[in-house]
file model_8.cif (mmCIF, C-alpha atoms)
data_my_file
#
loop_
_atom_site.group_PDB
_atom_site.id
_atom_site.type_symbol
_atom_site.label_atom_id
_atom_site.label_comp_id
_atom_site.auth_asym_id
_atom_site.auth_seq_id
_atom_site.Cartn_x
_atom_site.Cartn_y
_atom_site.Cartn_z
ATOM 1 C CA MET A 282 13.540 -3.859 -23.383
ATOM 2 C CA LEU A 283 15.461 -0.585 -23.068
ATOM 3 C CA ASN A 284 12.946 1.256 -25.247
ATOM 4 C CA TYR A 285 10.117 -0.153 -23.141
ATOM 5 C CA ILE A 286 11.725 1.019 -19.890
ATOM 6 C CA LEU A 287 12.335 4.485 -21.324
ATOM 7 C CA ARG A 288 8.716 4.760 -22.466
ATOM 8 C CA ARG A 289 7.471 3.663 -19.068
ATOM 9 C CA LEU A 290 9.698 6.180 -17.291
ATOM 10 C CA LEU A 291 8.447 8.968 -19.556
ATOM 11 C CA TRP A 292 4.860 7.980 -18.894
ATOM 12 C CA ALA A 293 5.650 7.836 -15.162
ATOM 13 C CA CYS A 294 6.795 11.462 -15.268
ATOM 14 C CA VAL A 295 3.563 12.503 -16.990
ATOM 15 C CA LEU A 296 1.502 10.550 -14.451
ATOM 16 C CA PHE A 297 3.417 12.068 -11.544
ATOM 17 C CA VAL A 298 2.819 15.620 -12.774
ATOM 18 C CA GLY A 299 -0.859 14.870 -13.335
ATOM 19 C CA VAL A 300 -1.413 13.423 -9.847
ATOM 20 C CA THR A 301 0.349 16.251 -8.024
ATOM 21 C CA LEU A 302 -1.411 18.874 -10.158
ATOM 22 C CA ILE A 303 -4.838 17.421 -9.366
ATOM 23 C CA THR A 304 -3.936 17.438 -5.676
ATOM 24 C CA TYR A 305 -3.060 21.127 -5.852
ATOM 25 C CA VAL A 306 -6.286 22.018 -7.644
ATOM 26 C CA LEU A 307 -8.433 20.079 -5.155
ATOM 27 C CA PHE A 308 -6.602 21.686 -2.230
ATOM 28 C CA PHE A 309 -7.349 25.202 -3.439
ATOM 29 C CA LEU A 310 -11.003 24.352 -4.031
ATOM 30 C CA LEU A 311 -11.488 23.600 -0.323
ATOM 31 C CA PRO A 312 -13.487 26.283 1.514
ATOM 32 C CA ALA A 313 -10.824 26.973 4.152
ATOM 33 C CA ASP A 314 -7.818 29.201 4.751
ATOM 34 C CA PRO A 315 -4.634 27.264 5.611
ATOM 35 C CA ALA A 316 -2.833 30.522 6.427
ATOM 36 C CA ARG A 317 -5.291 31.226 9.249
ATOM 37 C CA LEU A 318 -4.870 27.700 10.555
ATOM 38 C CA ALA A 319 -1.082 28.067 10.467
ATOM 39 C CA ALA A 320 -1.206 31.480 12.166
ATOM 40 C CA GLY A 321 -3.280 30.225 15.100
ATOM 41 C CA LYS A 322 -6.722 30.881 16.520
ATOM 42 C CA SER A 323 -5.835 34.245 18.094
ATOM 43 C CA ALA A 324 -4.077 35.663 15.014
ATOM 44 C CA THR A 325 -5.152 39.006 13.642
ATOM 45 C CA ALA A 326 -5.842 39.762 9.987
ATOM 46 C CA GLU A 327 -2.335 41.224 9.684
ATOM 47 C CA ASP A 328 -0.816 38.062 11.155
ATOM 48 C CA VAL A 329 -2.754 35.912 8.700
ATOM 49 C CA ALA A 330 -1.619 38.070 5.775
ATOM 50 C CA ARG A 331 2.003 37.856 6.919
ATOM 51 C CA VAL A 332 1.844 34.079 7.300
ATOM 52 C CA SER A 333 0.154 33.769 3.912
ATOM 53 C CA HIS A 334 3.003 35.733 2.315
ATOM 54 C CA GLN A 335 5.652 33.691 4.123
ATOM 55 C CA LEU A 336 4.083 30.445 2.977
ATOM 56 C CA GLY A 337 3.608 31.710 -0.561
ATOM 57 C CA LEU A 338 -0.160 31.252 -0.375
ATOM 58 C CA ASP A 339 -0.791 34.725 -1.781
ATOM 59 C CA ARG A 340 0.668 33.715 -5.147
ATOM 60 C CA PRO A 341 -1.335 32.237 -8.032
ATOM 61 C CA VAL A 342 -1.825 28.489 -7.982
ATOM 62 C CA HIS A 343 0.348 27.844 -11.034
ATOM 63 C CA GLU A 344 3.275 29.734 -9.479
ATOM 64 C CA GLN A 345 3.005 27.753 -6.268
ATOM 65 C CA TYR A 346 2.893 24.512 -8.228
ATOM 66 C CA ALA A 347 5.921 25.533 -10.309
ATOM 67 C CA LEU A 348 7.841 26.314 -7.113
ATOM 68 C CA PHE A 349 6.871 22.918 -5.711
ATOM 69 C CA LEU A 350 8.216 21.115 -8.784
ATOM 70 C CA LYS A 351 11.410 23.182 -8.661
ATOM 71 C CA ARG A 352 11.996 22.336 -4.984
ATOM 72 C CA LEU A 353 11.299 18.677 -5.621
ATOM 73 C CA VAL A 354 13.457 18.234 -8.749
ATOM 74 C CA VAL A 355 16.311 20.657 -8.020
ATOM 75 C CA ASP A 356 16.467 20.779 -4.216
ATOM 76 C CA HIS A 357 14.937 17.339 -3.524
ATOM 77 C CA SER A 358 12.758 19.001 -0.907
ATOM 78 C CA LEU A 359 9.035 18.769 -0.204
ATOM 79 C CA GLY A 360 9.056 21.999 1.779
ATOM 80 C CA ARG A 361 7.957 22.537 5.355
ATOM 81 C CA SER A 362 4.725 21.690 7.081
ATOM 82 C CA TYR A 363 2.215 24.484 7.490
ATOM 83 C CA ALA A 364 1.163 23.054 10.854
ATOM 84 C CA ASN A 365 4.499 22.706 12.683
ATOM 85 C CA ARG A 366 7.104 24.063 10.216
ATOM 86 C CA ARG A 367 9.000 20.762 10.280
ATOM 87 C CA SER A 368 10.686 19.459 7.152
ATOM 88 C CA VAL A 369 8.238 17.308 5.213
ATOM 89 C CA ASN A 370 11.148 15.139 4.070
ATOM 90 C CA GLU A 371 11.852 14.249 7.688
ATOM 91 C CA MET A 372 8.195 13.633 8.535
ATOM 92 C CA VAL A 373 7.633 11.383 5.535
ATOM 93 C CA GLY A 374 10.976 9.659 6.152
ATOM 94 C CA GLU A 375 9.938 8.836 9.717
ATOM 95 C CA ALA A 376 6.552 7.464 8.586
ATOM 96 C CA ILE A 377 7.752 5.392 5.603
ATOM 97 C CA PRO A 378 9.381 2.560 7.633
ATOM 98 C CA VAL A 379 6.211 2.061 9.673
ATOM 99 C CA THR A 380 3.899 1.823 6.666
ATOM 100 C CA THR A 381 6.407 -0.253 4.695
ATOM 101 C CA ALA A 382 6.702 -2.731 7.564
ATOM 102 C CA LEU A 383 2.924 -2.929 7.837
ATOM 103 C CA VAL A 384 2.375 -3.492 4.106
ATOM 104 C CA LEU A 385 5.257 -5.903 3.456
ATOM 105 C CA GLY A 386 4.542 -7.931 6.597
ATOM 106 C CA GLY A 387 0.872 -8.035 5.662
ATOM 107 C CA ALA A 388 1.740 -9.088 2.095
ATOM 108 C CA VAL A 389 3.867 -11.999 3.298
ATOM 109 C CA LEU A 390 1.111 -13.071 5.673
ATOM 110 C CA TRP A 391 -1.727 -12.818 3.159
ATOM 111 C CA MET A 392 0.255 -14.876 0.623
ATOM 112 C CA LEU A 393 1.027 -17.530 3.255
ATOM 113 C CA ILE A 394 -2.709 -17.708 3.961
ATOM 114 C CA ALA A 395 -4.039 -17.432 0.414
ATOM 115 C CA LEU A 396 -1.711 -19.852 -1.382
ATOM 116 C CA PRO A 397 -2.547 -23.059 0.526
ATOM 117 C CA ILE A 398 -6.241 -22.163 0.832
ATOM 118 C CA GLY A 399 -6.620 -21.346 -2.867
ATOM 119 C CA ILE A 400 -4.608 -24.323 -4.114
ATOM 120 C CA LEU A 401 -6.183 -26.930 -1.816
ATOM 121 C CA SER A 402 -9.727 -25.735 -2.482
ATOM 122 C CA ALA A 403 -9.072 -25.900 -6.250
ATOM 123 C CA LEU A 404 -7.569 -29.392 -6.090
ATOM 124 C CA LYS A 405 -10.490 -30.658 -3.977
ATOM 125 C CA PRO A 406 -13.591 -28.827 -5.233
ATOM 126 C CA ARG A 407 -16.831 -29.163 -3.268
ATOM 127 C CA SER A 408 -14.961 -30.809 -0.414
ATOM 128 C CA LEU A 409 -15.050 -29.696 3.219
ATOM 129 C CA ILE A 410 -11.816 -27.759 2.633
ATOM 130 C CA ASP A 411 -13.336 -25.987 -0.360
ATOM 131 C CA ARG A 412 -16.523 -25.073 1.492
ATOM 132 C CA GLY A 413 -14.562 -23.755 4.469
ATOM 133 C CA ALA A 414 -12.358 -21.733 2.120
ATOM 134 C CA MET A 415 -15.405 -20.190 0.452
ATOM 135 C CA ILE A 416 -16.780 -19.138 3.847
ATOM 136 C CA PHE A 417 -13.427 -17.527 4.705
ATOM 137 C CA ILE A 418 -13.369 -15.756 1.324
ATOM 138 C CA LEU A 419 -16.919 -14.458 1.752
ATOM 139 C CA VAL A 420 -16.247 -13.130 5.251
ATOM 140 C CA GLY A 421 -12.867 -11.640 4.329
ATOM 141 C CA ILE A 422 -14.184 -9.799 1.279
ATOM 142 C CA SER A 423 -17.366 -8.549 2.959
ATOM 143 C CA ALA A 424 -16.024 -7.428 6.351
ATOM 144 C CA PRO A 425 -14.699 -3.850 6.652
ATOM 145 C CA VAL A 426 -11.089 -3.596 7.789
ATOM 146 C CA VAL A 427 -12.141 -1.352 10.708
ATOM 147 C CA TRP A 428 -14.537 -4.009 11.998
ATOM 148 C CA ILE A 429 -11.876 -6.731 11.667
ATOM 149 C CA GLY A 430 -9.319 -4.615 13.516
ATOM 150 C CA LEU A 431 -11.660 -3.701 16.356
ATOM 151 C CA LEU A 432 -12.781 -7.321 16.695
ATOM 152 C CA LEU A 433 -9.180 -8.542 16.951
ATOM 153 C CA GLN A 434 -8.363 -5.777 19.409
ATOM 154 C CA TYR A 435 -11.246 -6.760 21.679
ATOM 155 C CA PHE A 436 -10.743 -10.522 21.720
ATOM 156 C CA VAL A 437 -7.012 -11.054 21.087
ATOM 157 C CA GLY A 438 -5.700 -7.943 22.798
ATOM 158 C CA PHE A 439 -8.249 -7.105 25.508
ATOM 159 C CA LYS A 440 -10.077 -10.323 26.441
ATOM 160 C CA TRP A 441 -7.238 -12.820 25.981
ATOM 161 C CA GLY A 442 -4.286 -10.464 26.487
ATOM 162 C CA LEU A 443 -2.171 -12.179 23.833
ATOM 163 C CA THR A 444 -0.948 -9.028 22.070
ATOM 164 C CA PRO A 445 -0.896 -5.252 22.661
ATOM 165 C CA ASN A 446 -4.032 -3.413 21.601
ATOM 166 C CA ALA A 447 -2.181 -0.548 19.913
ATOM 167 C CA GLY A 448 1.097 1.316 19.768
ATOM 168 C CA TYR A 449 4.389 0.992 17.966
ATOM 169 C CA CYS A 450 7.945 0.115 18.988
ATOM 170 C CA ASP A 451 11.059 1.087 17.042
ATOM 171 C CA VAL A 452 12.919 -1.959 15.787
ATOM 172 C CA ILE A 453 16.286 -0.159 15.694
ATOM 173 C CA ASP A 454 17.606 2.576 17.998
ATOM 174 C CA PRO A 455 14.499 3.311 20.122
ATOM 175 C CA PRO A 456 14.431 6.807 21.664
ATOM 176 C CA ALA A 457 15.600 7.352 25.215
ATOM 177 C CA GLY A 458 12.889 6.670 27.762
ATOM 178 C CA ALA A 459 10.831 4.505 25.384
ATOM 179 C CA SER A 460 8.824 1.772 27.095
ATOM 180 C CA CYS A 461 9.717 -0.770 24.414
ATOM 181 C CA GLY A 462 12.110 -1.320 21.532
ATOM 182 C CA GLY A 463 14.022 -3.902 19.537
ATOM 183 C CA PRO A 464 12.967 -6.582 17.023
ATOM 184 C CA GLY A 465 11.014 -8.641 19.566
ATOM 185 C CA ASP A 466 8.840 -5.802 20.855
ATOM 186 C CA TRP A 467 8.433 -4.450 17.327
ATOM 187 C CA ALA A 468 7.107 -7.741 15.951
ATOM 188 C CA TYR A 469 4.946 -8.242 19.067
ATOM 189 C CA HIS A 470 3.196 -4.908 18.495
ATOM 190 C CA MET A 471 2.806 -5.510 14.739
ATOM 191 C CA ILE A 472 1.050 -8.904 14.955
ATOM 192 C CA LEU A 473 -2.506 -7.552 15.104
ATOM 193 C CA PRO A 474 -1.959 -4.877 12.415
ATOM 194 C CA TRP A 475 -0.438 -7.501 10.110
ATOM 195 C CA VAL A 476 -3.339 -9.909 10.637
ATOM 196 C CA THR A 477 -5.929 -7.161 10.164
ATOM 197 C CA PHE A 478 -4.233 -5.885 7.034
ATOM 198 C CA ALA A 479 -3.817 -9.380 5.594
ATOM 199 C CA ILE A 480 -7.318 -10.824 6.036
ATOM 200 C CA LEU A 481 -9.017 -8.724 3.365
ATOM 201 C CA PHE A 482 -6.277 -9.299 0.785
ATOM 202 C CA ALA A 483 -5.914 -12.990 1.682
ATOM 203 C CA ALA A 484 -9.567 -13.587 0.899
ATOM 204 C CA SER A 485 -9.307 -11.907 -2.507
ATOM 205 C CA TYR A 486 -6.100 -13.762 -3.378
ATOM 206 C CA ALA A 487 -7.465 -17.130 -2.265
ATOM 207 C CA ARG A 488 -10.469 -16.672 -4.528
ATOM 208 C CA MET A 489 -8.293 -15.667 -7.494
ATOM 209 C CA ILE A 490 -5.790 -18.497 -6.944
ATOM 210 C CA ARG A 491 -8.613 -21.026 -6.682
ATOM 211 C CA ALA A 492 -10.180 -19.851 -9.939
ATOM 212 C CA ASN A 493 -6.857 -19.762 -11.808
ATOM 213 C CA VAL A 494 -5.791 -23.215 -10.644
ATOM 214 C CA MET A 495 -9.157 -24.741 -11.569
ATOM 215 C CA ASP A 496 -8.999 -23.175 -15.036
ATOM 216 C CA THR A 497 -5.423 -24.360 -15.572
ATOM 217 C CA LEU A 498 -6.262 -27.919 -14.513
ATOM 218 C CA GLY A 499 -8.529 -28.154 -17.555
ATOM 219 C CA GLU A 500 -5.881 -27.086 -20.094
ATOM 220 C CA ASP A 501 -4.707 -29.472 -22.803
ATOM 221 C CA TYR A 502 -1.062 -29.405 -21.731
ATOM 222 C CA VAL A 503 -2.049 -30.582 -18.229
ATOM 223 C CA ARG A 504 -4.022 -33.508 -19.629
ATOM 224 C CA THR A 505 -1.113 -34.322 -21.944
ATOM 225 C CA ALA A 506 1.379 -34.351 -19.063
ATOM 226 C CA ARG A 507 -0.870 -36.700 -17.104
ATOM 227 C CA ALA A 508 -1.357 -38.939 -20.129
ATOM 228 C CA LYS A 509 2.423 -39.260 -20.476
ATOM 229 C CA GLY A 510 2.586 -40.616 -16.944
ATOM 230 C CA ALA A 511 4.092 -37.588 -15.218
ATOM 231 C CA PRO A 512 3.751 -37.751 -11.404
ATOM 232 C CA GLU A 513 0.913 -35.647 -10.058
ATOM 233 C CA ASN A 514 3.188 -33.458 -7.924
ATOM 234 C CA ILE A 515 5.292 -32.645 -11.011
ATOM 235 C CA VAL A 516 2.157 -31.810 -13.007
ATOM 236 C CA ILE A 517 0.870 -29.525 -10.280
ATOM 237 C CA ARG A 518 4.175 -27.792 -9.599
ATOM 238 C CA ARG A 519 5.577 -27.379 -13.112
ATOM 239 C CA HIS A 520 2.502 -27.122 -15.292
ATOM 240 C CA VAL A 521 -0.389 -25.918 -13.154
ATOM 241 C CA LEU A 522 1.060 -23.563 -10.538
ATOM 242 C CA ARG A 523 3.658 -21.990 -12.812
ATOM 243 C CA ASN A 524 0.926 -20.810 -15.197
ATOM 244 C CA ALA A 525 -1.896 -20.274 -12.724
ATOM 245 C CA LEU A 526 0.135 -17.986 -10.464
ATOM 246 C CA LEU A 527 1.308 -15.591 -13.192
ATOM 247 C CA PRO A 528 -1.666 -13.212 -12.658
ATOM 248 C CA VAL A 529 -0.925 -13.292 -8.918
ATOM 249 C CA VAL A 530 2.468 -11.687 -9.573
ATOM 250 C CA THR A 531 0.826 -8.770 -11.349
ATOM 251 C CA MET A 532 -1.880 -8.373 -8.730
ATOM 252 C CA LEU A 533 0.624 -8.551 -5.867
ATOM 253 C CA GLY A 534 2.763 -5.732 -7.249
ATOM 254 C CA LEU A 535 -0.240 -3.514 -7.866
ATOM 255 C CA ASP A 536 -1.789 -4.204 -4.461
ATOM 256 C CA ILE A 537 1.427 -3.505 -2.537
ATOM 257 C CA GLY A 538 1.748 -0.133 -4.244
ATOM 258 C CA VAL A 539 -1.874 0.771 -3.584
ATOM 259 C CA ALA A 540 -1.703 -0.532 -0.013
ATOM 260 C CA LEU A 541 1.199 1.810 0.795
ATOM 261 C CA GLY A 542 -1.182 4.705 0.366
ATOM 262 C CA GLY A 543 -4.232 2.927 1.708
ATOM 263 C CA ALA A 544 -3.083 1.766 5.131
ATOM 264 C CA ILE A 545 -4.785 4.703 6.809
ATOM 265 C CA PHE A 546 -7.538 2.683 8.521
ATOM 266 C CA THR A 547 -5.250 0.031 9.956
ATOM 267 C CA GLU A 548 -2.798 2.665 11.196
ATOM 268 C CA ALA A 549 -5.626 4.677 12.739
ATOM 269 C CA ILE A 550 -7.031 1.643 14.595
ATOM 270 C CA PHE A 551 -3.680 0.565 16.045
ATOM 271 C CA ASN A 552 -2.197 4.064 16.469
ATOM 272 C CA LEU A 553 0.739 3.459 14.143
ATOM 273 C CA PRO A 554 2.796 6.561 13.206
ATOM 274 C CA GLY A 555 2.841 5.761 9.481
ATOM 275 C CA LEU A 556 1.920 7.483 6.242
ATOM 276 C CA GLY A 557 -1.784 6.859 6.761
ATOM 277 C CA ARG A 558 -1.952 8.786 10.019
ATOM 278 C CA LEU A 559 0.329 11.478 8.587
ATOM 279 C CA ALA A 560 -1.977 11.867 5.585
ATOM 280 C CA LEU A 561 -5.080 12.044 7.784
ATOM 281 C CA ASN A 562 -3.583 14.743 10.003
ATOM 282 C CA SER A 563 -2.444 16.740 6.976
ATOM 283 C CA VAL A 564 -5.968 16.689 5.523
ATOM 284 C CA LEU A 565 -7.518 17.757 8.825
ATOM 285 C CA ASN A 566 -4.990 20.619 9.157
ATOM 286 C CA LEU A 567 -5.073 21.560 5.446
ATOM 287 C CA ASP A 568 -1.317 20.989 5.453
ATOM 288 C CA LEU A 569 -0.612 20.933 1.715
ATOM 289 C CA PRO A 570 3.174 20.234 1.827
ATOM 290 C CA THR A 571 2.692 17.195 4.076
ATOM 291 C CA MET A 572 -0.253 15.981 2.046
ATOM 292 C CA GLN A 573 1.793 16.427 -1.114
ATOM 293 C CA GLY A 574 4.714 14.526 0.403
ATOM 294 C CA VAL A 575 2.549 11.497 1.147
ATOM 295 C CA ILE A 576 1.051 11.612 -2.345
ATOM 296 C CA VAL A 577 4.491 11.907 -3.946
ATOM 297 C CA PHE A 578 5.740 8.819 -2.135
ATOM 298 C CA ALA A 579 2.598 6.778 -2.849
ATOM 299 C CA THR A 580 2.651 7.782 -6.522
ATOM 300 C CA LEU A 581 6.326 6.915 -6.959
ATOM 301 C CA ALA A 582 5.843 3.603 -5.141
ATOM 302 C CA ILE A 583 2.956 2.567 -7.391
ATOM 303 C CA ILE A 584 4.794 3.616 -10.572
ATOM 304 C CA LEU A 585 8.008 1.799 -9.654
ATOM 305 C CA LEU A 586 6.216 -1.338 -8.507
ATOM 306 C CA ASN A 587 4.204 -1.448 -11.741
ATOM 307 C CA LEU A 588 7.433 -1.285 -13.729
ATOM 308 C CA VAL A 589 9.077 -3.990 -11.619
ATOM 309 C CA VAL A 590 6.011 -6.235 -11.948
ATOM 310 C CA ASP A 591 6.022 -5.934 -15.736
ATOM 311 C CA LEU A 592 9.718 -6.856 -15.907
ATOM 312 C CA VAL A 593 9.349 -9.770 -13.478
ATOM 313 C CA TYR A 594 6.293 -10.997 -15.374
ATOM 314 C CA ALA A 595 8.319 -11.179 -18.583
ATOM 315 C CA MET A 596 11.158 -12.990 -16.808
ATOM 316 C CA ILE A 597 8.837 -15.625 -15.347
ATOM 317 C CA ASP A 598 7.150 -16.386 -18.672
ATOM 318 C CA PRO A 599 9.532 -16.054 -21.675
ATOM 319 C CA ARG A 600 6.542 -16.254 -24.043
ATOM 320 C CA ILE A 601 5.504 -12.769 -22.989
ATOM 321 C CA ARG A 602 6.839 -9.994 -25.179
ATOM 322 C CA LEU A 603 6.719 -6.428 -23.956
ATOM 323 C CA ALA A 604 5.059 -4.189 -26.526
#

call {"tool": "encode", "arguments": {"input": "model_8.cif", "output": "structure tokens"}}
result
Amino acid sequence: MLNYILRRLLWACVLFVGVTLITYVLFFLLPADPARLAAGKSATAEDVARVSHQLGLDRPVHEQYALFLKRLVVDHSLGRSYANRRSVNEMVGEAIPVTTALVLGGAVLWMLIALPIGILSALKPRSLIDRGAMIFILVGISAPVVWIGLLLQYFVGFKWGLTPNAGYCDVIDPPAGASCGGPGDWAYHMILPWVTFAILFAASYARMIRANVMDTLGEDYVRTARAKGAPENIVIRRHVLRNALLPVVTMLGLDIGVALGGAIFTEAIFNLPGLGRLALNSVLNLDLPTMQGVIVFATLAIILLNLVVDLVYAMIDPRIRLA
């Protein structure tokens, strides 16, 4: 186990360097001058040259990348934004709780939706429940998240007035003069983003759970347990679900990591100040340090969650041996 963890950590370092290096290369291939953007519209050529020197943009790409790695490893700093000169650590730190709340809340919701739908449709194939579940799966997989979000905003928020259309409230220590704050207002404003974020994943998970449960129901050990007279609820809980839901554990860990970096559309629709909106603004402003900060966090999140999923997977099923 220790050797496996060490190998995974070493591979994580290689993957991290590769991702950040590709980001740097793509950034410098863009036909734009971030120094001019940072200097302002009315800046002269001398002002642009001075800003470029201050930001280190006049150095070769490999030197800039080496300085980035040095700041990150030694100083634990992502630098300062080209757009507003704020610390990228602070900007990313402010955005992480918003995106984390969106993703984790959405994950809990999509599992609460997918588990009963997938299990019931598998236990009663071709029934009314199964047909309704298949319609939900088809709609959830096919519909774009932007369309789902706008539809919920119009009906739930605007027409029926059940929830706010957009905005975010701090759950702890809201700023002075804020119109809302506290756990109640926070959850009230996050309902629509959670539902929007969860529908797409819930449909995919319901389909996978249904298929896994149906396959497991046909296994020999399930038929043997029934032949021995085991109660049906024991057969389903101990023999069917325990084996059928193993792939769900792997998929859940991978999807949460990917979703941390892919919440941009949901955050844009509901005006949430998370990593998605921060990443979008950094791309529009050619703000490499901020863009790199978001990528660093998303990369580390995916790597760590993959490692945790592998370890949990082995703990759930002792037959699995880590190679």

call {"tool": "closest_residue", "arguments": {"input": "model_8.cif", "among": "A:Ser333, A:Ser368, A:Asn566, A:Asn493", "to": "Asn524 of chain A", "atoms": "only C-alpha atoms"}}
result
A:Asn493

call {"tool": "closest_residue", "arguments": {"input": "model_8.cif", "among": "A:Phe308, A:Trp467, A:Phe482, A:Phe436", "to": "Ala395 of chain A", "atoms": "only C-alpha atoms"}}
result
A:Phe482

call {"tool": "atom_distance", "arguments": {"input": "model_8.cif", "atom1": "atom CA of Leu390 of chain A", "atom2": "atom CA of Ala479 of chain A"}}
result
6.2 Å

call {"tool": "closest_residue", "arguments": {"input": "model_8.cif", "among": "A:Asp496, A:Val503, A:Ile550, A:Gly399", "to": "Ile515 of chain A", "atoms": "all atoms listed in the file"}}
result
A:Val503

call {"tool": "resolve_selection", "arguments": {"input": "model_8.cif", "expression": "the PyMOL selection byres ((chain A and resi 301) around 9)", "output": "PDB file with C-alpha atoms, keeping the file's coordinate frame"}}
result
ATOM      1  CA  LEU A 296       1.502  10.550 -14.451  1.00  0.00           C
ATOM      2  CA  PHE A 297       3.417  12.068 -11.544  1.00  0.00           C
ATOM      3  CA  VAL A 298       2.819  15.620 -12.774  1.00  0.00           C
ATOM      4  CA  GLY A 299      -0.859  14.870 -13.335  1.00  0.00           C
ATOM      5  CA  VAL A 300      -1.413  13.423  -9.847  1.00  0.00           C
ATOM      6  CA  LEU A 302      -1.411  18.874 -10.158  1.00  0.00           C
ATOM      7  CA  ILE A 303      -4.838  17.421  -9.366  1.00  0.00           C
ATOM      8  CA  THR A 304      -3.936  17.438  -5.676  1.00  0.00           C
ATOM      9  CA  TYR A 305      -3.060  21.127  -5.852  1.00  0.00           C
ATOM     10  CA  VAL A 306      -6.286  22.018  -7.644  1.00  0.00           C
ATOM     11  CA  TYR A 346       2.893  24.512  -8.228  1.00  0.00           C
ATOM     12  CA  GLN A 573       1.793  16.427  -1.114  1.00  0.00           C
ATOM     13  CA  ILE A 576       1.051  11.612  -2.345  1.00  0.00           C
ATOM     14  CA  VAL A 577       4.491  11.907  -3.946  1.00  0.00           C
ATOM     15  CA  THR A 580       2.651   7.782  -6.522  1.00  0.00           C
TER      16      THR A 580
END

call {"tool": "axis_aligned_box", "arguments": {"input": "model_8.cif", "around": "segment 286-297 of chain A", "padding_each_side": "8 Å", "output": "lines of an AutoDock Vina configuration file"}}
result
center_x = 6.9
center_y = 6.8
center_z = -17.0
size_x = 26.8
size_y = 27.5
size_z = 26.9

call {"tool": "residues_around", "arguments": {"input": "model_8.cif", "residues": "Gly448 of chain A", "least_positions_apart": "3", "cutoff": "12 Å", "atoms": "only C-alpha atoms", "output": "PyMOL selection string"}}
result
chain A and resi 379+434+438+444-445+451+459-462+466-474+547-555

call {"tool": "atom_distance", "arguments": {"input": "model_8.cif", "atom1": "atom CA of Ala382 of chain A", "atom2": "atom CA of Leu443 of chain A"}}
result
20.8 Å

call {"tool": "residues_around", "arguments": {"input": "model_8.cif", "residues": "Val389 of chain A", "least_positions_apart": "3", "cutoff": "12 Å", "atoms": "only C-alpha atoms", "output": "number ranges by chain"}}
result
A: 382-386, 392-396, 475-476, 478-480, 482-483, 533, 537

call {"tool": "atom_distance", "arguments": {"input": "model_8.cif", "atom1": "atom CA of Tyr486 of chain A", "atom2": "atom CA of Gly557 of chain A"}}
result
23.4 Å

call {"tool": "residues_around", "arguments": {"input": "model_8.cif", "residues": "segment 407-419 of chain A", "least_positions_apart": "2", "cutoff": "8 Å", "atoms": "all atoms listed in the file", "output": "PDB file with C-alpha atoms, in the coordinates of the input"}}
result
ATOM      1  CA  ILE A 398      -6.241 -22.163   0.832  1.00  0.00           C
ATOM      2  CA  GLY A 399      -6.620 -21.346  -2.867  1.00  0.00           C
ATOM      3  CA  LEU A 401      -6.183 -26.930  -1.816  1.00  0.00           C
ATOM      4  CA  SER A 402      -9.727 -25.735  -2.482  1.00  0.00           C
ATOM      5  CA  ALA A 403      -9.072 -25.900  -6.250  1.00  0.00           C
ATOM      6  CA  LYS A 405     -10.490 -30.658  -3.977  1.00  0.00           C
ATOM      7  CA  GLY A 421     -12.867 -11.640   4.329  1.00  0.00           C
ATOM      8  CA  ILE A 422     -14.184  -9.799   1.279  1.00  0.00           C
ATOM      9  CA  SER A 423     -17.366  -8.549   2.959  1.00  0.00           C
ATOM     10  CA  ALA A 483      -5.914 -12.990   1.682  1.00  0.00           C
ATOM     11  CA  ALA A 484      -9.567 -13.587   0.899  1.00  0.00           C
ATOM     12  CA  SER A 485      -9.307 -11.907  -2.507  1.00  0.00           C
ATOM     13  CA  ALA A 487      -7.465 -17.130  -2.265  1.00  0.00           C
ATOM     14  CA  ARG A 488     -10.469 -16.672  -4.528  1.00  0.00           C
TER      15      ARG A 488
END

call {"tool": "closest_residue", "arguments": {"input": "model_8.cif", "among": "A:Tyr594, A:Pro570, A:Ala492, A:Leu527", "to": "Leu348 of chain A", "atoms": "only C-alpha atoms"}}
result
A:Pro570

call {"tool": "resolve_selection", "arguments": {"input": "model_8.cif", "expression": "the PyMOL selection byres ((chain A and resi 373) around 9)", "output": "PyMOL selection string"}}
result
chain A and resi 368-372+374-377+555-556+559+571+574-575+578

call {"tool": "resolve_selection", "arguments": {"input": "model_8.cif", "expression": "the PyMOL selection byres ((chain A and resi 332) around 10)", "output": "list in words"}}
result
Pro315, Ala316, Arg317, Leu318, Ala319, Ala320, Ala324, Ala326, Glu327, Asp328, Val329, Ala330, Arg331, Ser333, His334, Gln335, Leu336, Gly337, Leu338, Asp339 and Tyr363 of chain A

call {"tool": "write_last_selection", "arguments": {"input": "model_8.cif", "atoms": "C-alpha atoms", "output": "tab-separated table (two decimals), keeping the file's coordinate frame"}}
result
chain	number	residue	atom	x	y	z
A	315	PRO	CA	-4.63	27.26	5.61
A	316	ALA	CA	-2.83	30.52	6.43
A	317	ARG	CA	-5.29	31.23	9.25
A	318	LEU	CA	-4.87	27.70	10.56
A	319	ALA	CA	-1.08	28.07	10.47
A	320	ALA	CA	-1.21	31.48	12.17
A	324	ALA	CA	-4.08	35.66	15.01
A	326	ALA	CA	-5.84	39.76	9.99
A	327	GLU	CA	-2.34	41.22	9.68
A	328	ASP	CA	-0.82	38.06	11.16
A	329	VAL	CA	-2.75	35.91	8.70
A	330	ALA	CA	-1.62	38.07	5.78
A	331	ARG	CA	2.00	37.86	6.92
A	333	SER	CA	0.15	33.77	3.91
A	334	HIS	CA	3.00	35.73	2.32
A	335	GLN	CA	5.65	33.69	4.12
A	336	LEU	CA	4.08	30.44	2.98
A	337	GLY	CA	3.61	31.71	-0.56
A	338	LEU	CA	-0.16	31.25	-0.38
A	339	ASP	CA	-0.79	34.72	-1.78
A	363	TYR	CA	2.22	24.48	7.49
